[in-house]
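Structure file work-v5.pdb (PDB, C-alpha atoms) follows.
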ATOM      1  CA  MET A1235       0.000   0.000   0.000  1.00  0.00           C
ATOM      2  CA  ASP A1236       2.840   2.304   0.899  1.00  0.00           C
ATOM      3  CA  LYS A1237       4.443   1.760  -2.520  1.00  0.00           C
ATOM      4  CA  MET A1238       1.190   2.445  -4.358  1.00  0.00           C
ATOM      5  CA  LEU A1239       0.618   5.678  -2.468  1.00  0.00           C
ATOM      6  CA  TYR A1240       4.208   6.822  -3.007  1.00  0.00           C
ATOM      7  CA  VAL A1241       4.097   6.224  -6.768  1.00  0.00           C
ATOM      8  CA  ALA A1242       0.728   7.982  -7.131  1.00  0.00           C
ATOM      9  CA  MET A1243       1.827  10.924  -4.984  1.00  0.00           C
ATOM     10  CA  SER A1244       5.082  11.531  -6.864  1.00  0.00           C
ATOM     11  CA  GLY A1245       3.310  11.062 -10.197  1.00  0.00           C
ATOM     12  CA  ALA A1246       0.650  13.647  -9.351  1.00  0.00           C
ATOM     13  CA  LYS A1247       3.291  16.138  -8.271  1.00  0.00           C
ATOM     14  CA  GLN A1248       5.255  15.750 -11.476  1.00  0.00           C
ATOM     15  CA  ASN A1249       2.108  15.985 -13.602  1.00  0.00           C
ATOM     16  CA  LEU A1250       1.589  19.458 -12.148  1.00  0.00           C
ATOM     17  CA  VAL A1251       5.163  20.343 -13.131  1.00  0.00           C
ATOM     18  CA  GLY A1252       4.378  19.252 -16.697  1.00  0.00           C
ATOM     19  CA  VAL A1253       1.164  21.298 -16.732  1.00  0.00           C
ATOM     20  CA  GLY A1254       3.168  24.338 -15.633  1.00  0.00           C
ATOM     21  CA  LEU A1255       5.689  23.826 -18.431  1.00  0.00           C
ATOM     22  CA  LYS A1256       2.976  23.474 -21.068  1.00  0.00           C
ATOM     23  CA  ALA A1257       1.108  26.466 -19.649  1.00  0.00           C
ATOM     24  CA  ASN A1258       4.294  28.516 -20.033  1.00  0.00           C
ATOM     25  CA  ASN A1259       4.514  27.480 -23.691  1.00  0.00           C
ATOM     26  CA  LEU A1260       0.919  28.513 -24.257  1.00  0.00           C
ATOM     27  CA  ALA A1261       1.422  31.831 -22.478  1.00  0.00           C
ATOM     28  CA  ASN A1262       4.270  32.606 -24.895  1.00  0.00           C
ATOM     29  CA  ALA A1263       2.478  31.552 -28.086  1.00  0.00           C
ATOM     30  CA  ASN A1264       2.607  35.192 -29.248  1.00  0.00           C
ATOM     31  CA  THR A1265       5.998  36.086 -27.786  1.00  0.00           C
ATOM     32  CA  THR A1266       8.547  37.151 -30.384  1.00  0.00           C
ATOM     33  CA  GLY A1267      11.382  34.652 -30.797  1.00  0.00           C
ATOM     34  CA  PHE A1268      10.125  32.229 -28.125  1.00  0.00           C
ATOM     35  CA  LYS A1269      11.114  28.559 -28.456  1.00  0.00           C
ATOM     36  CA  ALA A1270       8.751  25.947 -27.010  1.00  0.00           C
ATOM     37  CA  ASP A1271      10.038  23.572 -24.318  1.00  0.00           C
ATOM     38  CA  PHE A1272       9.560  19.813 -24.445  1.00  0.00           C
ATOM     39  CA  ALA A1273       8.187  17.917 -21.433  1.00  0.00           C
ATOM     40  CA  GLN A1274       9.245  14.374 -20.586  1.00  0.00           C
ATOM     41  CA  ALA A1275       8.406  12.053 -17.698  1.00  0.00           C
ATOM     42  CA  ARG A1276      10.569   9.154 -16.582  1.00  0.00           C
ATOM     43  CA  SER A1277      10.967   6.883 -13.585  1.00  0.00           C
ATOM     44  CA  MET A1278      13.776   7.437 -11.083  1.00  0.00           C
ATOM     45  CA  GLN A1279      15.119   5.053  -8.453  1.00  0.00           C
ATOM     46  CA  ALA A1280      14.869   6.381  -4.904  1.00  0.00           C
ATOM     47  CA  PHE A1281      18.170   5.947  -3.080  1.00  0.00           C
ATOM     48  CA  GLY A1282      18.582   5.644   0.647  1.00  0.00           C
ATOM     49  CA  GLU A1283      18.359   3.198   3.525  1.00  0.00           C
ATOM     50  CA  GLY A1284      15.147   1.206   3.379  1.00  0.00           C
ATOM     51  CA  LEU A1285      14.223   2.536  -0.080  1.00  0.00           C
ATOM     52  CA  PRO A1286      15.564  -0.057  -2.566  1.00  0.00           C
ATOM     53  CA  THR A1287      12.078  -0.797  -3.909  1.00  0.00           C
ATOM     54  CA  ARG A1288      10.957   2.824  -4.236  1.00  0.00           C
ATOM     55  CA  VAL A1289      10.660   4.355  -7.703  1.00  0.00           C
ATOM     56  CA  PHE A1290       9.306   7.831  -8.237  1.00  0.00           C
ATOM     57  CA  ALA A1291       8.267   9.815 -11.312  1.00  0.00           C
ATOM     58  CA  MET A1292      10.207  12.830 -12.536  1.00  0.00           C
ATOM     59  CA  GLN A1293       9.028  15.413 -15.049  1.00  0.00           C
ATOM     60  CA  GLU A1294      11.809  17.246 -16.835  1.00  0.00           C
ATOM     61  CA  ARG A1295      12.598  19.530 -19.735  1.00  0.00           C
ATOM     62  CA  PRO A1296      14.865  17.395 -21.936  1.00  0.00           C
ATOM     63  CA  GLY A1297      15.276  20.090 -24.549  1.00  0.00           C
ATOM     64  CA  THR A1298      13.792  22.888 -26.599  1.00  0.00           C
ATOM     65  CA  MET A1299      12.062  22.785 -29.970  1.00  0.00           C
ATOM     66  CA  MET A1300      14.520  24.727 -32.115  1.00  0.00           C
ATOM     67  CA  THR A1301      12.544  24.973 -35.338  1.00  0.00           C
ATOM     68  CA  GLY A1302      12.080  28.491 -36.640  1.00  0.00           C
ATOM     69  CA  GLY A1303       8.928  30.449 -36.029  1.00  0.00           C
ATOM     70  CA  ALA A1304       6.962  32.269 -38.697  1.00  0.00           C
ATOM     71  CA  ILE A1305       8.627  35.382 -40.145  1.00  0.00           C
ATOM     72  CA  THR A1306       6.249  38.348 -40.012  1.00  0.00           C
ATOM     73  CA  GLU A1307       6.711  41.663 -41.771  1.00  0.00           C
ATOM     74  CA  THR A1308       6.307  44.689 -39.489  1.00  0.00           C
ATOM     75  CA  GLY A1309       7.843  47.506 -41.550  1.00  0.00           C
ATOM     76  CA  ARG A1310       9.476  48.911 -38.387  1.00  0.00           C
ATOM     77  CA  ASP A1311      13.100  50.004 -38.873  1.00  0.00           C
ATOM     78  CA  LEU A1312      14.209  48.595 -35.505  1.00  0.00           C
ATOM     79  CA  ASP A1313      12.700  45.134 -36.040  1.00  0.00           C
ATOM     80  CA  ILE A1314      15.058  42.435 -37.309  1.00  0.00           C
ATOM     81  CA  ALA A1315      14.923  38.707 -37.992  1.00  0.00           C
ATOM     82  CA  VAL A1316      17.673  36.196 -38.774  1.00  0.00           C
ATOM     83  CA  ASP A1317      17.628  32.761 -40.407  1.00  0.00           C
ATOM     84  CA  GLU A1318      16.943  29.561 -38.455  1.00  0.00           C
ATOM     85  CA  LYS A1319      20.565  28.793 -37.536  1.00  0.00           C
ATOM     86  CA  SER A1320      21.579  32.390 -36.780  1.00  0.00           C
ATOM     87  CA  TRP A1321      21.367  34.069 -33.375  1.00  0.00           C
ATOM     88  CA  ILE A1322      21.527  37.645 -32.069  1.00  0.00           C
ATOM     89  CA  SER A1323      24.153  38.225 -29.379  1.00  0.00           C
ATOM     90  CA  VAL A1324      23.049  40.024 -26.200  1.00  0.00           C
ATOM     91  CA  VAL A1325      24.318  40.712 -22.682  1.00  0.00           C
ATOM     92  CA  ASP A1326      22.599  38.668 -19.969  1.00  0.00           C
ATOM     93  CA  ALA A1327      21.869  39.709 -16.377  1.00  0.00           C
ATOM     94  CA  ALA A1328      25.319  38.513 -15.271  1.00  0.00           C
ATOM     95  CA  GLY A1329      27.079  40.584 -17.928  1.00  0.00           C
ATOM     96  CA  GLU A1330      27.936  37.518 -20.025  1.00  0.00           C
ATOM     97  CA  GLU A1331      27.229  36.902 -23.689  1.00  0.00           C
ATOM     98  CA  ALA A1332      24.075  34.964 -24.582  1.00  0.00           C
ATOM     99  CA  TYR A1333      21.928  34.492 -27.673  1.00  0.00           C
ATOM    100  CA  THR A1334      18.331  35.182 -28.606  1.00  0.00           C
ATOM    101  CA  LYS A1335      15.881  35.354 -31.505  1.00  0.00           C
ATOM    102  CA  VAL A1336      14.086  38.402 -30.100  1.00  0.00           C
ATOM    103  CA  GLY A1337      14.504  41.030 -32.798  1.00  0.00           C
ATOM    104  CA  THR A1338      12.291  43.796 -31.390  1.00  0.00           C
ATOM    105  CA  LEU A1339      14.931  46.465 -30.745  1.00  0.00           C
ATOM    106  CA  ASN A1340      14.767  49.853 -29.071  1.00  0.00           C
ATOM    107  CA  ILE A1341      17.186  52.708 -28.407  1.00  0.00           C
ATOM    108  CA  THR A1342      17.569  53.916 -24.822  1.00  0.00           C
ATOM    109  CA  SER A1343      18.061  57.543 -23.784  1.00  0.00           C
ATOM    110  CA  ASP A1344      21.842  57.028 -23.686  1.00  0.00           C
ATOM    111  CA  GLY A1345      21.980  55.419 -27.147  1.00  0.00           C
ATOM    112  CA  ALA A1346      22.189  51.765 -26.103  1.00  0.00           C
ATOM    113  CA  LEU A1347      20.570  49.312 -28.525  1.00  0.00           C
ATOM    114  CA  VAL A1348      18.464  46.853 -26.512  1.00  0.00           C
ATOM    115  CA  THR A1349      15.830  44.171 -27.066  1.00  0.00           C
ATOM    116  CA  SER A1350      12.234  44.564 -25.898  1.00  0.00           C
ATOM    117  CA  HIS A1351      13.308  42.614 -22.784  1.00  0.00           C
ATOM    118  CA  GLY A1352      16.017  45.157 -21.996  1.00  0.00           C
ATOM    119  CA  ARG A1353      18.963  42.981 -23.090  1.00  0.00           C
ATOM    120  CA  GLN A1354      21.747  45.082 -24.600  1.00  0.00           C
ATOM    121  CA  ILE A1355      22.730  44.083 -28.137  1.00  0.00           C
ATOM    122  CA  ILE A1356      26.362  43.144 -28.786  1.00  0.00           C
ATOM    123  CA  GLY A1357      28.291  44.349 -31.845  1.00  0.00           C
ATOM    124  CA  GLU A1358      31.797  43.784 -33.190  1.00  0.00           C
ATOM    125  CA  GLY A1359      33.442  45.681 -30.334  1.00  0.00           C
ATOM    126  CA  GLY A1360      31.019  44.946 -27.503  1.00  0.00           C
ATOM    127  CA  PRO A1361      27.658  46.395 -26.442  1.00  0.00           C
ATOM    128  CA  ILE A1362      26.327  48.724 -29.124  1.00  0.00           C
ATOM    129  CA  ILE A1363      25.968  52.444 -28.340  1.00  0.00           C
ATOM    130  CA  LEU A1364      24.519  54.590 -31.119  1.00  0.00           C
ATOM    131  CA  PRO A1365      25.458  58.269 -31.509  1.00  0.00           C
ATOM    132  CA  LEU A1366      22.517  60.460 -30.522  1.00  0.00           C
ATOM    133  CA  PRO A1367      20.450  62.102 -31.767  1.00  0.00           C
ATOM    134  CA  VAL A1368      19.640  60.011 -34.858  1.00  0.00           C
ATOM    135  CA  GLU A1369      16.782  60.325 -37.322  1.00  0.00           C
ATOM    136  CA  LYS A1370      17.016  56.877 -38.911  1.00  0.00           C
ATOM    137  CA  VAL A1371      18.628  53.496 -38.258  1.00  0.00           C
ATOM    138  CA  VAL A1372      19.146  50.982 -41.071  1.00  0.00           C
ATOM    139  CA  PHE A1373      20.287  47.355 -40.717  1.00  0.00           C
ATOM    140  CA  SER A1374      22.075  45.938 -43.767  1.00  0.00           C
ATOM    141  CA  ASP A1375      21.835  42.296 -44.814  1.00  0.00           C
ATOM    142  CA  ASP A1376      25.234  41.537 -43.243  1.00  0.00           C
ATOM    143  CA  GLY A1377      24.232  43.127 -39.905  1.00  0.00           C
ATOM    144  CA  SER A1378      25.953  46.474 -40.439  1.00  0.00           C
ATOM    145  CA  ILE A1379      24.216  49.341 -38.639  1.00  0.00           C
ATOM    146  CA  GLN A1380      23.874  52.601 -40.534  1.00  0.00           C
ATOM    147  CA  VAL A1381      22.498  55.769 -38.974  1.00  0.00           C
ATOM    148  CA  ARG A1382      21.487  59.196 -40.229  1.00  0.00           C
ATOM    149  CA  PRO A1383      22.285  61.845 -37.616  1.00  0.00           C
ATOM    150  CA  GLN A1384      19.635  64.409 -36.885  1.00  0.00           C
ATOM    151  CA  GLY A1385      19.817  67.252 -39.391  1.00  0.00           C
ATOM    152  CA  ALA A1386      21.886  65.286 -41.935  1.00  0.00           C
ATOM    153  CA  PRO A1387      20.866  65.085 -45.621  1.00  0.00           C
ATOM    154  CA  ALA A1388      18.196  62.485 -46.464  1.00  0.00           C
ATOM    155  CA  ASN A1389      20.658  60.392 -48.494  1.00  0.00           C
ATOM    156  CA  PHE A1390      23.394  60.416 -45.820  1.00  0.00           C
ATOM    157  CA  LEU A1391      23.978  57.169 -43.919  1.00  0.00           C
ATOM    158  CA  GLU A1392      27.007  56.355 -41.794  1.00  0.00           C
ATOM    159  CA  VAL A1393      28.088  52.848 -40.660  1.00  0.00           C
ATOM    160  CA  VAL A1394      28.634  52.902 -36.901  1.00  0.00           C
ATOM    161  CA  ASP A1395      28.794  49.223 -35.919  1.00  0.00           C
ATOM    162  CA  ARG A1396      27.814  45.702 -36.920  1.00  0.00           C
ATOM    163  CA  LEU A1397      25.540  43.273 -35.120  1.00  0.00           C
ATOM    164  CA  LYS A1398      27.247  40.199 -33.733  1.00  0.00           C
ATOM    165  CA  ILE A1399      25.199  37.499 -35.427  1.00  0.00           C
ATOM    166  CA  ILE A1400      26.510  33.974 -34.913  1.00  0.00           C
ATOM    167  CA  SER A1401      25.650  30.814 -36.830  1.00  0.00           C
ATOM    168  CA  ALA A1402      25.315  27.676 -34.749  1.00  0.00           C
ATOM    169  CA  ASP A1403      23.793  24.268 -35.202  1.00  0.00           C
ATOM    170  CA  ASN A1404      20.793  24.292 -32.881  1.00  0.00           C
ATOM    171  CA  SER A1405      22.031  21.132 -31.146  1.00  0.00           C
ATOM    172  CA  LYS A1406      25.001  23.132 -29.801  1.00  0.00           C
ATOM    173  CA  LEU A1407      22.869  25.559 -27.786  1.00  0.00           C
ATOM    174  CA  GLU A1408      20.689  25.097 -24.723  1.00  0.00           C
ATOM    175  CA  LYS A1409      18.024  27.300 -23.205  1.00  0.00           C
ATOM    176  CA  GLY A1410      18.494  28.849 -19.780  1.00  0.00           C
ATOM    177  CA  ASN A1411      15.836  29.730 -17.214  1.00  0.00           C
ATOM    178  CA  ASP A1412      15.987  33.341 -18.410  1.00  0.00           C
ATOM    179  CA  GLY A1413      14.923  32.330 -21.924  1.00  0.00           C
ATOM    180  CA  LEU A1414      18.354  33.054 -23.425  1.00  0.00           C
ATOM    181  CA  PHE A1415      20.472  30.452 -25.201  1.00  0.00           C
ATOM    182  CA  ARG A1416      24.080  29.544 -24.463  1.00  0.00           C
ATOM    183  CA  PRO A1417      26.623  26.996 -25.749  1.00  0.00           C
ATOM    184  CA  LYS A1418      26.459  23.595 -24.081  1.00  0.00           C
ATOM    185  CA  GLU A1419      29.170  23.168 -21.456  1.00  0.00           C
ATOM    186  CA  GLU A1420      30.619  20.062 -23.099  1.00  0.00           C
ATOM    187  CA  LEU A1421      31.252  21.985 -26.329  1.00  0.00           C
ATOM    188  CA  LEU A1422      33.397  24.678 -24.694  1.00  0.00           C
ATOM    189  CA  GLU A1423      37.165  24.404 -24.986  1.00  0.00           C
ATOM    190  CA  ASP A1424      38.786  25.801 -21.832  1.00  0.00           C
ATOM    191  CA  GLY A1425      35.621  27.814 -21.277  1.00  0.00           C
ATOM    192  CA  VAL A1426      35.778  29.340 -24.780  1.00  0.00           C
ATOM    193  CA  CYS A1427      33.082  28.903 -27.417  1.00  0.00           C
ATOM    194  CA  GLY A1428      34.687  28.069 -30.754  1.00  0.00           C
ATOM    195  CA  PHE A1429      31.667  28.867 -32.916  1.00  0.00           C
ATOM    196  CA  CYS A1430      30.508  32.085 -31.221  1.00  0.00           C
ATOM    197  CA  GLU A1431      32.088  34.504 -33.663  1.00  0.00           C
ATOM    198  CA  ILE A1432      30.400  36.795 -36.163  1.00  0.00           C
ATOM    199  CA  SER A1433      29.136  34.691 -39.048  1.00  0.00           C
ATOM    200  CA  PRO A1434      30.139  35.939 -42.520  1.00  0.00           C
ATOM    201  CA  THR A1435      27.141  34.171 -44.070  1.00  0.00           C
ATOM    202  CA  ALA A1436      24.342  35.187 -41.662  1.00  0.00           C
ATOM    203  CA  LYS A1437      21.634  37.386 -43.159  1.00  0.00           C
ATOM    204  CA  VAL A1438      19.635  40.034 -41.327  1.00  0.00           C
ATOM    205  CA  MET A1439      16.109  40.925 -42.444  1.00  0.00           C
ATOM    206  CA  SER A1440      15.155  44.462 -41.456  1.00  0.00           C
ATOM    207  CA  GLY A1441      11.488  45.208 -40.846  1.00  0.00           C
ATOM    208  CA  TYR A1442      10.681  41.584 -39.976  1.00  0.00           C
ATOM    209  CA  LEU A1443      10.275  39.539 -36.771  1.00  0.00           C
ATOM    210  CA  GLU A1444      10.487  35.830 -36.045  1.00  0.00           C
ATOM    211  CA  MET A1445       7.452  34.813 -34.034  1.00  0.00           C
ATOM    212  CA  SER A1446       7.065  32.015 -31.478  1.00  0.00           C
ATOM    213  CA  ASN A1447       7.262  28.414 -32.722  1.00  0.00           C
ATOM    214  CA  VAL A1448       4.629  27.245 -30.194  1.00  0.00           C
ATOM    215  CA  ASN A1449       1.794  25.152 -31.638  1.00  0.00           C
ATOM    216  CA  PRO A1450      -1.184  26.087 -29.406  1.00  0.00           C
ATOM    217  CA  VAL A1451      -3.274  23.059 -30.417  1.00  0.00           C
ATOM    218  CA  HIS A1452      -0.445  20.636 -29.617  1.00  0.00           C
ATOM    219  CA  GLU A1453       0.198  22.305 -26.267  1.00  0.00           C
ATOM    220  CA  MET A1454      -3.498  22.217 -25.345  1.00  0.00           C
ATOM    221  CA  VAL A1455      -3.715  18.489 -26.138  1.00  0.00           C
ATOM    222  CA  ASP A1456      -0.637  17.833 -23.987  1.00  0.00           C
ATOM    223  CA  MET A1457      -2.138  19.845 -21.122  1.00  0.00           C
ATOM    224  CA  VAL A1458      -5.382  17.845 -21.272  1.00  0.00           C
ATOM    225  CA  ASN A1459      -3.400  14.582 -21.199  1.00  0.00           C
ATOM    226  CA  LEU A1460      -1.375  15.732 -18.195  1.00  0.00           C
ATOM    227  CA  GLN A1461      -4.513  16.806 -16.354  1.00  0.00           C
ATOM    228  CA  ARG A1462      -6.112  13.418 -16.991  1.00  0.00           C
ATOM    229  CA  GLN A1463      -2.991  11.702 -15.694  1.00  0.00           C
ATOM    230  CA  PHE A1464      -3.175  13.888 -12.587  1.00  0.00           C
ATOM    231  CA  GLU A1465      -6.785  12.836 -12.021  1.00  0.00           C
ATOM    232  CA  MET A1466      -5.786   9.184 -12.398  1.00  0.00           C
ATOM    233  CA  GLN A1467      -3.035   9.606  -9.800  1.00  0.00           C
ATOM    234  CA  MET A1468      -5.498  11.198  -7.399  1.00  0.00           C
ATOM    235  CA  LYS A1469      -7.893   8.271  -7.872  1.00  0.00           C
ATOM    236  CA  LEU A1470      -5.051   5.861  -7.093  1.00  0.00           C
ATOM    237  CA  MET A1471      -4.319   7.766  -3.885  1.00  0.00           C
ATOM    238  CA  LYS A1472      -7.998   7.567  -2.948  1.00  0.00           C
ATOM    239  CA  THR A1473      -8.043   3.828  -3.693  1.00  0.00           C
ATOM    240  CA  ALA A1474      -4.948   3.344  -1.523  1.00  0.00           C
ATOM    241  CA  GLU A1475      -6.703   5.163   1.303  1.00  0.00           C
ATOM    242  CA  GLU A1476      -9.817   2.968   0.959  1.00  0.00           C
ATOM    243  CA  ILE A1477      -7.783  -0.252   0.927  1.00  0.00           C
ATOM    244  CA  ASP A1478      -5.910   0.909   4.036  1.00  0.00           C
ATOM    245  CA  GLU A1479      -9.215   1.603   5.807  1.00  0.00           C
ATOM    246  CA  ARG A1480     -10.469  -1.917   4.944  1.00  0.00           C
ATOM    247  CA  HIS A1481      -7.270  -3.449   6.332  1.00  0.00           C
ATOM    248  CA  THR A1482      -7.785  -1.482   9.533  1.00  0.00           C
ATOM    249  CA  SER A1483     -11.379  -2.703   9.772  1.00  0.00           C
ATOM    250  CA  LEU A1484     -10.269  -6.344   9.367  1.00  0.00           C
ATOM    251  CA  LEU A1485      -7.741  -5.932  12.184  1.00  0.00           C
ATOM    252  CA  ARG A1486     -10.486  -4.600  14.438  1.00  0.00           C
ATOM    253  CA  ILE A1487     -12.644  -7.673  13.737  1.00  0.00           C
ATOM    254  CA  VAL A1488      -9.762  -9.985  14.593  1.00  0.00           C
TER     255      VAL A1488
END
Can you present the structure in this file as structure tokens?
Amino acid sequence: MDKMLYVAMSGAKQNLVGVGLKANNLANANTTGFKADFAQARSMQAFGEGLPTRVFAMQERPGTMMTGGAITETGRDLDIAVDEKSWISVVDAAGEEAYTKVGTLNITSDGALVTSHGRQIIGEGGPIILPLPVEKVVFSDDGSIQVRPQGAPANFLEVVDRLKIISADNSKLEKGNDGLFRPKEELLEDGVCGFCEISPTAKVMSGYLEMSNVNPVHEMVDMVNLQRQFEMQMKLMKTAEEIDERHTSLLRIV
């Protein structure tokens, strides 16, 4: 009885973890550049004295669906999109380099080029700072950034920096809890990423955005399945309780 209750309890708990993961995917179905997370359940042996027969369920995120999202035209000068195997370099909360598909860019009051999430964009020489004031910003196909200073002639454009766009096989990157992507630890050589340099072949599309690759129907079906599994686990726990009560009643008769 103890084993049955333990398995049902751990299974119900992990089902809720899976529901949370799928709910997060659904919540980001319209988030620019978002990559859906996979959910996977597996059995794990419980280790410890007196626990050799205990096995519990564990829900985990084994990976991220790296397929490209739909490319949508916005016509906005500060919106950019890159191809499926290209990534935009940004500065994370720890000041380290990370990668994203979020191409909704803005210019701060001090000229810093940032994403809609506030991540500063990295260029050839580090974080990009544009000379202010500017009337127009243009991104070339190779990632070069051209600006027209305020008051300059309409046909005047000056190259001030270049976006650091890297090309990486999607299997080489993993998603962090902050939604940014980084090279897998096992692929680093002495802590250095060998493929995280500016790609000469990457193409930037100005006036476009890559949308989320979440399939809402698929995520909804998965959520329904997880909820049904949760209900089944709860029924098992109830059954275990009823069987225990019957055993207690038999002992009273004896």
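Here the PyMOL selection byres ((chain A and resi 1339) around 6) catches exactly these residues: Leu1312, Asp1313, Gly1337, Thr1338, Asn1340, Val1348, Thr1349 and Ser1350 of chain A.
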Straight-line distance linking atom CA of A:Met1238 with atom CA of A:Arg1462, stated in Å to one decimal: 18.3 Å
May I ask for the distance between atom CA of A:Ile1432 and atom CA of A:Ala1332, given in Å to one decimal place?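 For atom CA of A:Ile1432 relative to atom CA of A:Ala1332, the distance reads 13.3 Å.
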Given the PyMOL selection byres ((chain A and resi 1271-1279) around 9) and the file above, list the residues it selects as a ChimeraX atom specification. /A:1248-1249,1252,1255-1256,1258-1259,1269-1270,1280-1281,1285-1299,1409,1448
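When all atoms listed in the file are used to compute distances to A:Ser1323, the closest of the residues A:Ala1242, A:Leu1421, A:Cys1430, A:Ala1257 turns out to be A:Cys1430.
Interatomic distance, atom CA of A:Gly1345 to atom CA of A:Leu1414: 23.0 Å.
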